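Participant: Mind looking over this structure? Questions follow.
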Protein chains: 2
Amino acid sequence: MKLADFVHSNKLKKREFNARLPALRAELLEAQNSLRKADFPVILLFAGVDGAGKSEVVNLLNEWMDPRWLINRAYGRPTDSDSETQRPAFRKYWHDVPPRGRIGLFLSAWYSKVLLGSVAQRVQPDDFQNHVQEIRRFERMHANDGALILKFWMHLDKRHQRKQLERLEANPATSWRVTHSDWAHWAMYNRFVQAGDQIIEATDTKLAPWRVIDGADHRYRSITIAEHLLEAIKNRLAESKTKSKPQTTSPQTSTTKSPVPAKPAPAKKEFKPSHVNWLSGVDLKQTLAKKDYRLRLAQSQGELNRLFRQAKQQRVSSMLAFEGWDAAGKGGSIRRILQALDPRNYQVVPTAAPTAEELAHHYLWRFWRHLPTGGDITIFDRSWYGRVLVERVEGFARPDEWQRAYKEINEFEQQLVESGIMVCKYWLHITKDEQLRRFEERQTTPHKRWKLTDEDWRNREKWDEYESAVNDMIQLTNTPQAPWVIVPANDKYTARIHVLDAVCDQLRNFLM
Amino acid sequence: MKLADFVHSNKLKKREFNARLPALRAELLEAQNSLRKADFPVILLFAGVDGAGKSEVVNLLNEWMDPRWLINRAYGRPTDSDSETQRPAFRKYWHDVPPRGRIGLFLSAWYSKVLLGSVAQRVQPDDFQNHVQEIRRFERMHANDGALILKFWMHLDKRHQRKQLERLEANPATSWRVTHSDWAHWAMYNRFVQAGDQIIEATDTKLAPWRVIDGADHRYRSITIAEHLLEAIKNRLAESKTKSKPQTTSPQTSTTKSPVPAKPAPAKKEFKPSHVNWLSGVDLKQTLAKKDYRLRLAQSQGELNRLFRQAKQQRVSSMLAFEGWDAAGKGGSIRRILQALDPRNYQVVPTAAPTAEELAHHYLWRFWRHLPTGGDITIFDRSWYGRVLVERVEGFARPDEWQRAYKEINEFEQQLVESGIMVCKYWLHITKDEQLRRFEERQTTPHKRWKLTDEDWRNREKWDEYESAVNDMIQLTNTPQAPWVIVPANDKYTARIHVLDAVCDQLRNFLM
């Protein structure tokens, strides 16, 4: 049904409301409490016309549930400085997604810009498609990661919107809620509804379905939303309990348009392993004499310094991700870059095993936290590619999870690049023999011994599995906007100059 | 010695530098690696005259050590929007303090404002004292928490500063480092040095000592700083190993001005327990009929709503901390406040057991993360007072730690209030009998049963110990700028109205 055809028809008598409420609240609290130990978060999004009760419902849910485990998020109009620190646009939403076990209540949030833009007719059709696609991706990524996403469009027909705004204005305790822009929206009711219809149609997915709520009667809308939330949580908790058999999503739930979002089905067989051995083509015989290295190091660092100063002036930020075999020389290459930089502008982020807080979020969450702004540089010593390398090989991620990750990573990087961040990725490649030589050298050199761990030896035993994973990674994530550079690293001097020159090349292209 | 009397006299020959460097680097790496498992962070601060090598040394340390475990922090000039989101001024420094086991390298940082202000003669004597006091407090809090703090003033005499700036300017790879303001500072060399002398004198403490480094010779300054850092880490690691006997800080180290900061001595016997039983005076007999409650609730919530909208307009943010006996009704009182608020403006933060990340920082760190900005409200369901309540009673904090905490908390709240944040604190008080009645009610009411845990029963057994802790807390932290409100909570209606009216009163006073 179209919003344009909507007619107010739902009411709940006070007596019935009072009769249903106590049990509902008790059940909501129970569900919230069970949820705390569950492995998924709940994301509630409220959008809709002014006066239909978005804020009121959020307040009521805070009252009916235990507010200590709720996260409320509403976003004011972005300021100029936000637009810099919060790019890409979804950074703040990523930041605010609740961890597993918690409920997040979002007011308009990632729908605000496209909705208001459409009403004001500021959004071109192409832009609209881009917006909608970003929204769908964001919701899909979190739904696939387990998030239960419920979206409510709080609605009123035009007559009831006027009545509602008048009623709010008449009451001194609520008149502040009615602003000039509310009446301006009312005057544009038809446009608002048209935009709502478009957006709902474009973003109503199985994993993150919309539900239109009749907002004229405050009892009806509150009870309806609360019951819907309760049912959804209970269903998902029940499903989680039986998740020992993962593939139980029946075809019925997928085809019937259920109001309760479907549990994400395992990834379709989209994953096609690489048939190319990307690593075999690398010429590892190159060497560089110390004298030549010194000379070229100074030249390349000078050039890099010049380019990064230009990037700083243009407020172009950079993310450099370093991956490679253990002992391939990631640290040494990173240091040669740092030497050319102003310490005011860079940050090195080591990617170790995730903390408890990081584990409670989508695996990309911790990288969103470290995005550079304002022309700064963040260097990742190991990166989000851990998902398709160590997590894949060691079984920390399920096959459907790491197989889905290639696409997610491409989308993540695309968002960064579109928001003006340069993304560079380096695989430092050495032969298995060279790795052995370096391991043994580390073992016998006192100040290097701490660098070598048992884990390095264990990883080495899985060389072939890692090689397959690296080839798939390069095959599936070597995109034009964020290409892989495979660095021949058997010779350290060669590797360092190779990296420096590659950063220079990429930066030069990006700044053009 | 005064900076004004400083004459460049230290050099290191290239040969000697090259001879000492390899062993130094190896030892630095070893020390850094041992540090990773230690229970303290290292904070290095670099200040001084332009051209004396602050950035260069930070870069070198990043090269000589493993940059994955270093945190570099330099701060640009604050923008207008920063001044709002980063108030209080020390918020960003609190945020950036490295966790235990890591090294943070700070460029000027918390010295920048007072130093540049003094040079520009923009700082009045009173302001200067306030600045310096805030710096000393910040450093003392972290030193007492275990942080090893080393501060280096990189210095040049006037002639060498000119030579240094000219040399940097002449080299294309470094000329960008010399800005107009560097030459402006050079022209004001005498004032700069005078300000430096004042600041060093005022902030050179046993726990966070300054060391002046001759910056004219790059080999000398780098080796000197690196050796000093190494020695300090090794000493502290050695002390930590023998910390089974905590009181070993000998009087010699305390009186001799050692270049290596002293390990914090246990708190002096400043703690004086309360002789007043603050809780005994509370009239718990008051009750409120449901009808009166309804009426007063509407009135008080209306007033609260009006006041908080005024606060939002004036950009006055608020922090409300709720403490109280288990089952005293904290949640219910918080919900009655939320009902009067716009969900765009508030956040409820439950204070549960700290996460691993929180444990790796000062206990106040996690509360600094949740400061409200821009007229918003943060409500803490339990708070930083856990340090002197549960952590004291359960032995999670040592006596010297919780005894020190009263002063730290007062200073924390003072900083908030001075930066324009309203701080309210509520102790919800019930009798031991009333608690028992509520526990039993929870046990028999299905939708309340989850609220009651074994821990609640265990806490109840320690009622008397908690009572002493509460009385000490009120005695020692009931300050004019952030007073305690003891809420009679045996009757829930009375308690809720009491809280609402208290928030209104405090807000009304604060906004005047």
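To be explicit about the labels: the chains of the structure tokens are called A, B, and onward in the order shown, and within each one the residues are counted from 1, while ligands get numbers from 1 in the order they are shown.
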Please produce, as JSON lines, a per-residue contact table for chain A versus chain B (criterion: any atom at most 8 Å away, only C-alpha atoms considered), showing the nearest atom pair and its distance in Å to one decimal, sorted by chain then residue number.

Facilitator:
{"residue": "A:Ala26", "atom": "CA", "partner": "B:His447", "partner_atom": "CA", "distance": 4.6}
{"residue": "A:Glu27", "atom": "CA", "partner": "B:His447", "partner_atom": "CA", "distance": 7.0}
{"residue": "A:Leu29", "atom": "CA", "partner": "B:His447", "partner_atom": "CA", "distance": 7.0}
{"residue": "A:Glu30", "atom": "CA", "partner": "B:His447", "partner_atom": "CA", "distance": 6.6}
{"residue": "A:Asn33", "atom": "CA", "partner": "B:Trp450", "partner_atom": "CA", "distance": 7.4}
{"residue": "A:Ser55", "atom": "CA", "partner": "B:Pro343", "partner_atom": "CA", "distance": 6.3}
{"residue": "A:Val58", "atom": "CA", "partner": "B:Pro343", "partner_atom": "CA", "distance": 6.9}
{"residue": "A:Asn59", "atom": "CA", "partner": "B:Gln339", "partner_atom": "CA", "distance": 6.2}
{"residue": "A:Leu60", "atom": "CA", "partner": "B:Gln339", "partner_atom": "CA", "distance": 7.6}
{"residue": "A:Asn62", "atom": "CA", "partner": "B:Arg335", "partner_atom": "CA", "distance": 7.2}
{"residue": "A:Glu63", "atom": "CA", "partner": "B:Arg335", "partner_atom": "CA", "distance": 5.5}
{"residue": "A:Asp66", "atom": "CA", "partner": "B:Gly331", "partner_atom": "CA", "distance": 7.6}
{"residue": "A:Pro67", "atom": "CA", "partner": "B:Val348", "partner_atom": "CA", "distance": 6.6}
{"residue": "A:Arg68", "atom": "CA", "partner": "B:Pro350", "partner_atom": "CA", "distance": 5.0}
{"residue": "A:Trp69", "atom": "CA", "partner": "B:Pro350", "partner_atom": "CA", "distance": 7.4}
{"residue": "A:Leu70", "atom": "CA", "partner": "B:Val348", "partner_atom": "CA", "distance": 7.8}
{"residue": "A:Ile71", "atom": "CA", "partner": "B:Gln347", "partner_atom": "CA", "distance": 7.2}
{"residue": "A:Asn72", "atom": "CA", "partner": "B:Gln347", "partner_atom": "CA", "distance": 6.5}
{"residue": "A:Arg73", "atom": "CA", "partner": "B:Arg344", "partner_atom": "CA", "distance": 6.6}
{"residue": "A:Ala74", "atom": "CA", "partner": "B:Arg344", "partner_atom": "CA", "distance": 4.7}
{"residue": "A:Tyr75", "atom": "CA", "partner": "B:Arg344", "partner_atom": "CA", "distance": 7.0}
{"residue": "A:Gly76", "atom": "CA", "partner": "B:Arg344", "partner_atom": "CA", "distance": 7.9}
{"residue": "A:Ser81", "atom": "CA", "partner": "B:Ser81", "partner_atom": "CA", "distance": 6.7}
{"residue": "A:Ala173", "atom": "CA", "partner": "B:Gly302", "partner_atom": "CA", "distance": 5.6}
{"residue": "A:Gly302", "atom": "CA", "partner": "B:Ala173", "partner_atom": "CA", "distance": 5.6}
{"residue": "A:Asn305", "atom": "CA", "partner": "B:Ala173", "partner_atom": "CA", "distance": 7.3}
{"residue": "A:Arg306", "atom": "CA", "partner": "B:Ala173", "partner_atom": "CA", "distance": 7.8}
{"residue": "A:Gly331", "atom": "CA", "partner": "B:Asp66", "partner_atom": "CA", "distance": 7.6}
{"residue": "A:Arg335", "atom": "CA", "partner": "B:Glu63", "partner_atom": "CA", "distance": 5.6}
{"residue": "A:Leu338", "atom": "CA", "partner": "B:Asn59", "partner_atom": "CA", "distance": 7.0}
{"residue": "A:Gln339", "atom": "CA", "partner": "B:Asn59", "partner_atom": "CA", "distance": 6.2}
{"residue": "A:Asp342", "atom": "CA", "partner": "B:Ser55", "partner_atom": "CA", "distance": 7.1}
{"residue": "A:Pro343", "atom": "CA", "partner": "B:Ser55", "partner_atom": "CA", "distance": 6.4}
{"residue": "A:Arg344", "atom": "CA", "partner": "B:Ala74", "partner_atom": "CA", "distance": 4.7}
{"residue": "A:Asn345", "atom": "CA", "partner": "B:Ala74", "partner_atom": "CA", "distance": 7.8}
{"residue": "A:Tyr346", "atom": "CA", "partner": "B:Asn72", "partner_atom": "CA", "distance": 7.7}
{"residue": "A:Gln347", "atom": "CA", "partner": "B:Asn72", "partner_atom": "CA", "distance": 6.5}
{"residue": "A:Val348", "atom": "CA", "partner": "B:Arg68", "partner_atom": "CA", "distance": 6.0}
{"residue": "A:Val349", "atom": "CA", "partner": "B:Arg68", "partner_atom": "CA", "distance": 6.2}
{"residue": "A:Pro350", "atom": "CA", "partner": "B:Arg68", "partner_atom": "CA", "distance": 5.0}
{"residue": "A:Thr355", "atom": "CA", "partner": "B:Ala356", "partner_atom": "CA", "distance": 7.7}
{"residue": "A:Ala356", "atom": "CA", "partner": "B:Ala356", "partner_atom": "CA", "distance": 7.5}
{"residue": "A:Glu357", "atom": "CA", "partner": "B:Thr355", "partner_atom": "CA", "distance": 7.8}
{"residue": "A:Asp381", "atom": "CA", "partner": "B:Arg68", "partner_atom": "CA", "distance": 7.2}
{"residue": "A:Pro446", "atom": "CA", "partner": "B:Ala26", "partner_atom": "CA", "distance": 7.8}
{"residue": "A:His447", "atom": "CA", "partner": "B:Ala26", "partner_atom": "CA", "distance": 4.7}
{"residue": "A:Lys448", "atom": "CA", "partner": "B:Ala26", "partner_atom": "CA", "distance": 7.7}
{"residue": "A:Trp450", "atom": "CA", "partner": "B:Asn33", "partner_atom": "CA", "distance": 7.5}

Participant: Give the strand (DSSP E) residues of segment 137-326 of chain B, as assigned by DSSP on the backbone, as a PyMOL selection string.

Facilitator: chain B and resi 148-155+210-214+318-324

Participant: Limited to N, CA and C atoms, could you put the picked residues into a file as an mmCIF file, in the first residue's frame?

Facilitator:
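Okay, this is what ended up in part02.cif:
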data_model
loop_
_atom_site.group_PDB
_atom_site.id
_atom_site.type_symbol
_atom_site.label_atom_id
_atom_site.label_comp_id
_atom_site.auth_asym_id
_atom_site.auth_seq_id
_atom_site.Cartn_x
_atom_site.Cartn_y
_atom_site.Cartn_z
ATOM 1 N N LEU B 148 54.461 6.404 33.710
ATOM 2 C CA LEU B 148 55.828 6.936 33.725
ATOM 3 C C LEU B 148 55.833 8.147 32.803
ATOM 4 N N ILE B 149 56.052 9.316 33.374
ATOM 5 C CA ILE B 149 55.942 10.562 32.607
ATOM 6 C C ILE B 149 57.308 11.216 32.475
ATOM 7 N N LEU B 150 57.750 11.411 31.228
ATOM 8 C CA LEU B 150 59.038 12.060 30.960
ATOM 9 C C LEU B 150 58.768 13.279 30.085
ATOM 10 N N LYS B 151 59.306 14.420 30.511
ATOM 11 C CA LYS B 151 59.065 15.646 29.749
ATOM 12 C C LYS B 151 60.407 16.225 29.307
ATOM 13 N N PHE B 152 60.497 16.502 28.042
ATOM 14 C CA PHE B 152 61.743 17.039 27.492
ATOM 15 C C PHE B 152 61.524 18.435 26.937
ATOM 16 N N TRP B 153 62.337 19.361 27.418
ATOM 17 C CA TRP B 153 62.335 20.691 26.822
ATOM 18 C C TRP B 153 63.514 20.742 25.850
ATOM 19 N N MET B 154 63.235 20.803 24.572
ATOM 20 C CA MET B 154 64.271 20.817 23.551
ATOM 21 C C MET B 154 64.702 22.273 23.369
ATOM 22 N N HIS B 155 65.982 22.519 23.608
ATOM 23 C CA HIS B 155 66.389 23.921 23.674
ATOM 24 C C HIS B 155 67.536 24.275 22.722
ATOM 25 N N TRP B 210 60.897 17.565 34.343
ATOM 26 C CA TRP B 210 61.379 18.089 33.075
ATOM 27 C C TRP B 210 62.857 17.756 32.916
ATOM 28 N N ARG B 211 63.275 17.612 31.694
ATOM 29 C CA ARG B 211 64.698 17.559 31.422
ATOM 30 C C ARG B 211 64.977 18.442 30.218
ATOM 31 N N VAL B 212 65.914 19.343 30.356
ATOM 32 C CA VAL B 212 66.253 20.231 29.249
ATOM 33 C C VAL B 212 67.288 19.537 28.374
ATOM 34 N N ILE B 213 67.036 19.513 27.074
ATOM 35 C CA ILE B 213 67.917 18.820 26.135
ATOM 36 C C ILE B 213 68.540 19.838 25.195
ATOM 37 N N ASP B 214 69.829 19.773 25.083
ATOM 38 C CA ASP B 214 70.545 20.618 24.129
ATOM 39 C C ASP B 214 70.210 20.127 22.718
ATOM 40 N N SER B 318 24.717 18.706 30.908
ATOM 41 C CA SER B 318 24.528 18.218 32.282
ATOM 42 C C SER B 318 24.977 16.779 32.432
ATOM 43 N N MET B 319 25.525 16.489 33.591
ATOM 44 C CA MET B 319 25.827 15.105 33.954
ATOM 45 C C MET B 319 25.125 14.796 35.265
ATOM 46 N N LEU B 320 24.276 13.767 35.245
ATOM 47 C CA LEU B 320 23.580 13.361 36.462
ATOM 48 C C LEU B 320 24.100 11.982 36.854
ATOM 49 N N ALA B 321 24.624 11.888 38.074
ATOM 50 C CA ALA B 321 25.129 10.592 38.541
ATOM 51 C C ALA B 321 24.167 10.021 39.570
ATOM 52 N N PHE B 322 23.719 8.791 39.333
ATOM 53 C CA PHE B 322 22.814 8.135 40.276
ATOM 54 C C PHE B 322 23.530 7.013 41.004
ATOM 55 N N GLU B 323 23.552 7.124 42.325
ATOM 56 C CA GLU B 323 24.063 6.056 43.173
ATOM 57 C C GLU B 323 22.966 5.724 44.186
ATOM 58 N N GLY B 324 23.093 4.594 44.836
ATOM 59 C CA GLY B 324 22.094 4.241 45.846
ATOM 60 C C GLY B 324 22.159 2.767 46.187
#

Participant: Taking the DSSP assignment computed from this structure's backbone, write out as JSON, numbers by chain all residues of segment 92-306 of chain B that belong to alpha helix (DSSP H).

Facilitator: {"B": [92, 93, 94, 95, 96, 112, 113, 114, 115, 116, 117, 118, 119, 125, 126, 127, 128, 129, 130, 131, 132, 133, 134, 135, 136, 137, 138, 139, 140, 141, 142, 143, 144, 158, 159, 160, 161, 162, 163, 164, 165, 166, 167, 168, 169, 170, 180, 181, 182, 183, 184, 185, 186, 187, 189, 190, 191, 192, 193, 194, 195, 196, 197, 198, 199, 200, 201, 202, 203, 218, 219, 220, 221, 222, 223, 224, 225, 226, 227, 228, 229, 230, 231, 232, 233, 234, 235, 236, 237, 238, 239, 240, 241, 251, 252, 253, 254, 255, 290, 291, 292, 293, 294, 295, 296, 297, 298, 299, 300, 301, 302, 303, 304, 305, 306]}

Participant: Work out how far atom CA of Ala495 of chain A is from atom CA of Glu408 of chain A, in Å to one decimal.

Facilitator: 29.4 Å

Participant: Give me the residues within 10 Å of His228 of chain A as a list in words, counting only C-alpha atoms and dropping any in the same chain fewer than 4 places off.

Facilitator: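 The residues satisfying every condition are Leu150, Arg211, Ser222, Ile223, Thr224, Ala232, Ile233, Lys234, Pro259 and Val260 of chain A.
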
Participant: How many Å separate atom CA of Tyr293 of chain A from atom CA of Lys425 of chain A?

Facilitator: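 Atom CA of Lys425 of chain A lies 22.7 Å from atom CA of Tyr293 of chain A.
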
Participant: Atom CA of Val390 of chain A and atom CA of Phe40 of chain A, how far apart in Å?

Facilitator: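 Distance reported for this atom pair: 23.1 Å.
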
Participant: Check the smallest atom-to-atom distance from each of B:Leu416, B:Val470, B:Met512, B:Val388 to His370 of chain B using only C-alpha atoms, then report the winner.

Facilitator: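 Closest candidate: B:Leu416.
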
Participant: Report as a PyMOL selection string all protein, DNA and RNA residues lying within 12 Å of Arg437 of chain B, evaluated on only C-alpha atoms, omitting residues in the same chain fewer than 5 positions from it.

Facilitator: chain B and resi 326-328+430-432+442-444+490

Participant: Produce a file of the selected residues containing C-alpha atoms, as a PDB file, in the first residue's frame.

Facilitator:
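Just written: out37.pdb:
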ATOM      1  CA  ASP B 326      20.424  -1.940  45.386  1.00  0.00           C
ATOM      2  CA  ALA B 327      16.669  -1.778  44.690  1.00  0.00           C
ATOM      3  CA  ALA B 328      16.469   1.833  45.859  1.00  0.00           C
ATOM      4  CA  ILE B 430      16.305   3.236  51.730  1.00  0.00           C
ATOM      5  CA  THR B 431      16.346   1.277  54.979  1.00  0.00           C
ATOM      6  CA  LYS B 432      17.732  -2.216  55.213  1.00  0.00           C
ATOM      7  CA  ARG B 442      11.368  -9.050  43.077  1.00  0.00           C
ATOM      8  CA  GLN B 443      11.808 -12.704  43.825  1.00  0.00           C
ATOM      9  CA  THR B 444       8.093 -13.337  43.595  1.00  0.00           C
ATOM     10  CA  ASN B 490      11.547   4.285  50.986  1.00  0.00           C
TER      11      ASN B 490
END

Participant: Using only C-alpha atoms, which residues sit within 12 Å of Ala184 of chain B once same-chain residues fewer than 5 positions away are excluded, as a list in words?

Facilitator: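 Residues meeting the cut-off are Val49, Asp50, Leu116, Val119, Ala120, Arg162, Leu165, Val178, Thr179, Tyr189, Asn190, Arg191 and Phe192 of chain B.
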
Participant: Hey, which of B:His361, B:Arg387, B:Arg392, B:Lys2 ends up closest to Glu201 of chain B? Count only C-alpha atoms.

Facilitator: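 Among B:His361, B:Arg387, B:Arg392, B:Lys2, it is B:Lys2 that comes nearest to Glu201 of chain B.
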
Participant: Which residue gives the smallest distance to Ala47 of chain A among A:Phe367, A:Trp110, A:Trp325, A:Phe271, with only C-alpha atoms counted?

Facilitator: A:Trp110

Participant: Show me, as a PDB file with N, CA, C and O atoms, in the first residue's frame, the residues that have an atom within 7 Å of Gly215 of chain A when counting only C-alpha atoms, minus same-chain residues fewer than 3 positions from it.

Facilitator:
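For reference, selection.pdb as written:
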ATOM      1  N   ALA A  52       3.827  12.360  14.159  1.00  0.00           N
ATOM      2  CA  ALA A  52       3.310  10.990  14.212  1.00  0.00           C
ATOM      3  C   ALA A  52       3.889  10.201  15.376  1.00  0.00           C
ATOM      4  O   ALA A  52       3.609   9.017  15.523  1.00  0.00           O
ATOM      5  N   GLY A  53       4.714  10.849  16.201  1.00  0.00           N
ATOM      6  CA  GLY A  53       5.104  10.199  17.453  1.00  0.00           C
ATOM      7  C   GLY A  53       6.459   9.523  17.482  1.00  0.00           C
ATOM      8  O   GLY A  53       6.701   8.683  18.340  1.00  0.00           O
ATOM      9  N   MET A 154       6.379   6.171  10.729  1.00  0.00           N
ATOM     10  CA  MET A 154       5.259   6.669  11.528  1.00  0.00           C
ATOM     11  C   MET A 154       4.469   7.630  10.651  1.00  0.00           C
ATOM     12  O   MET A 154       5.006   8.655  10.206  1.00  0.00           O
ATOM     13  N   HIS A 155       3.185   7.299  10.443  1.00  0.00           N
ATOM     14  CA  HIS A 155       2.466   8.054   9.429  1.00  0.00           C
ATOM     15  C   HIS A 155       1.177   8.685   9.939  1.00  0.00           C
ATOM     16  O   HIS A 155       0.568   8.233  10.905  1.00  0.00           O
ATOM     17  N   LEU A 156       0.796   9.750   9.258  1.00  0.00           N
ATOM     18  CA  LEU A 156      -0.478  10.443   9.485  1.00  0.00           C
ATOM     19  C   LEU A 156      -0.984  10.902   8.129  1.00  0.00           C
ATOM     20  O   LEU A 156      -0.182  11.281   7.277  1.00  0.00           O
ATOM     21  N   HIS A 218      -2.079   7.560  20.002  1.00  0.00           N
ATOM     22  CA  HIS A 218      -0.793   7.288  20.666  1.00  0.00           C
ATOM     23  C   HIS A 218      -0.784   5.920  21.330  1.00  0.00           C
ATOM     24  O   HIS A 218       0.260   5.277  21.428  1.00  0.00           O
ATOM     25  N   ARG A 221      -0.278   3.229  18.402  1.00  0.00           N
ATOM     26  CA  ARG A 221       1.063   3.192  17.812  1.00  0.00           C
ATOM     27  C   ARG A 221       2.087   2.639  18.807  1.00  0.00           C
ATOM     28  O   ARG A 221       2.983   1.867  18.433  1.00  0.00           O
TER      29      ARG A 221
END

Participant: Show which residues sit within 8 Å of Val485 of chain A, as a compact mmCIF listing (two decimals) with all heavy atoms, in the first residue's frame. Count only C-alpha atoms, and ignore same-chain residues fewer than 6 positions away.

Facilitator:
# COMPACT_ATOMS: atom_id res chain seq x y z
N CYS A 424 45.39 2.60 -0.19
CA CYS A 424 46.46 1.82 -0.80
C CYS A 424 46.62 0.50 -0.06
O CYS A 424 46.50 0.47 1.17
CB CYS A 424 47.80 2.55 -0.71
SG CYS A 424 47.84 4.11 -1.55
N LYS A 425 46.92 -0.55 -0.79
CA LYS A 425 47.05 -1.87 -0.16
C LYS A 425 48.30 -2.57 -0.69
O LYS A 425 48.51 -2.63 -1.90
CB LYS A 425 45.81 -2.72 -0.50
CG LYS A 425 44.52 -1.95 -0.23
CD LYS A 425 43.24 -2.69 -0.56
CE LYS A 425 43.15 -3.23 -1.97
NZ LYS A 425 41.72 -3.43 -2.39
N TYR A 426 49.10 -3.06 0.22
CA TYR A 426 50.37 -3.68 -0.16
C TYR A 426 50.46 -5.10 0.36
O TYR A 426 50.22 -5.34 1.55
CB TYR A 426 51.55 -2.85 0.39
CG TYR A 426 51.47 -1.44 -0.09
CD1 TYR A 426 50.89 -0.45 0.68
CD2 TYR A 426 51.90 -1.12 -1.39
CE1 TYR A 426 50.74 0.83 0.20
CE2 TYR A 426 51.75 0.16 -1.87
CZ TYR A 426 51.17 1.13 -1.09
OH TYR A 426 51.01 2.39 -1.57
N TRP A 427 50.80 -6.02 -0.51
CA TRP A 427 51.13 -7.37 -0.09
C TRP A 427 52.64 -7.55 -0.25
O TRP A 427 53.16 -7.51 -1.37
CB TRP A 427 50.39 -8.44 -0.90
CG TRP A 427 50.85 -9.81 -0.49
CD1 TRP A 427 51.80 -10.57 -1.10
CD2 TRP A 427 50.42 -10.54 0.66
NE1 TRP A 427 51.99 -11.74 -0.40
CE2 TRP A 427 51.16 -11.76 0.69
CE3 TRP A 427 49.48 -10.31 1.68
CZ2 TRP A 427 50.98 -12.72 1.69
CZ3 TRP A 427 49.31 -11.26 2.66
CH2 TRP A 427 50.05 -12.45 2.66
N ALA A 502 55.50 3.28 -4.97
CA ALA A 502 54.09 2.98 -5.23
C ALA A 502 53.18 3.97 -4.50
O ALA A 502 52.18 4.44 -5.07
CB ALA A 502 53.77 1.55 -4.79

Participant: Which one of B:Tyr385, B:Asp464, B:Ser300, B:Pro261 sits closest to Leu229 of chain B if you count only C-alpha atoms?

Facilitator: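 That would be B:Pro261, the residue with the smallest distance to Leu229 of chain B.
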
Participant: So which one's closest to Ser108 of chain A, A:Ile225, A:Asp491, A:Phe46, A:Ala19? Using only C-alpha atoms, please.

Facilitator: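 Selected residue with least distance to Ser108 of chain A: A:Phe46.
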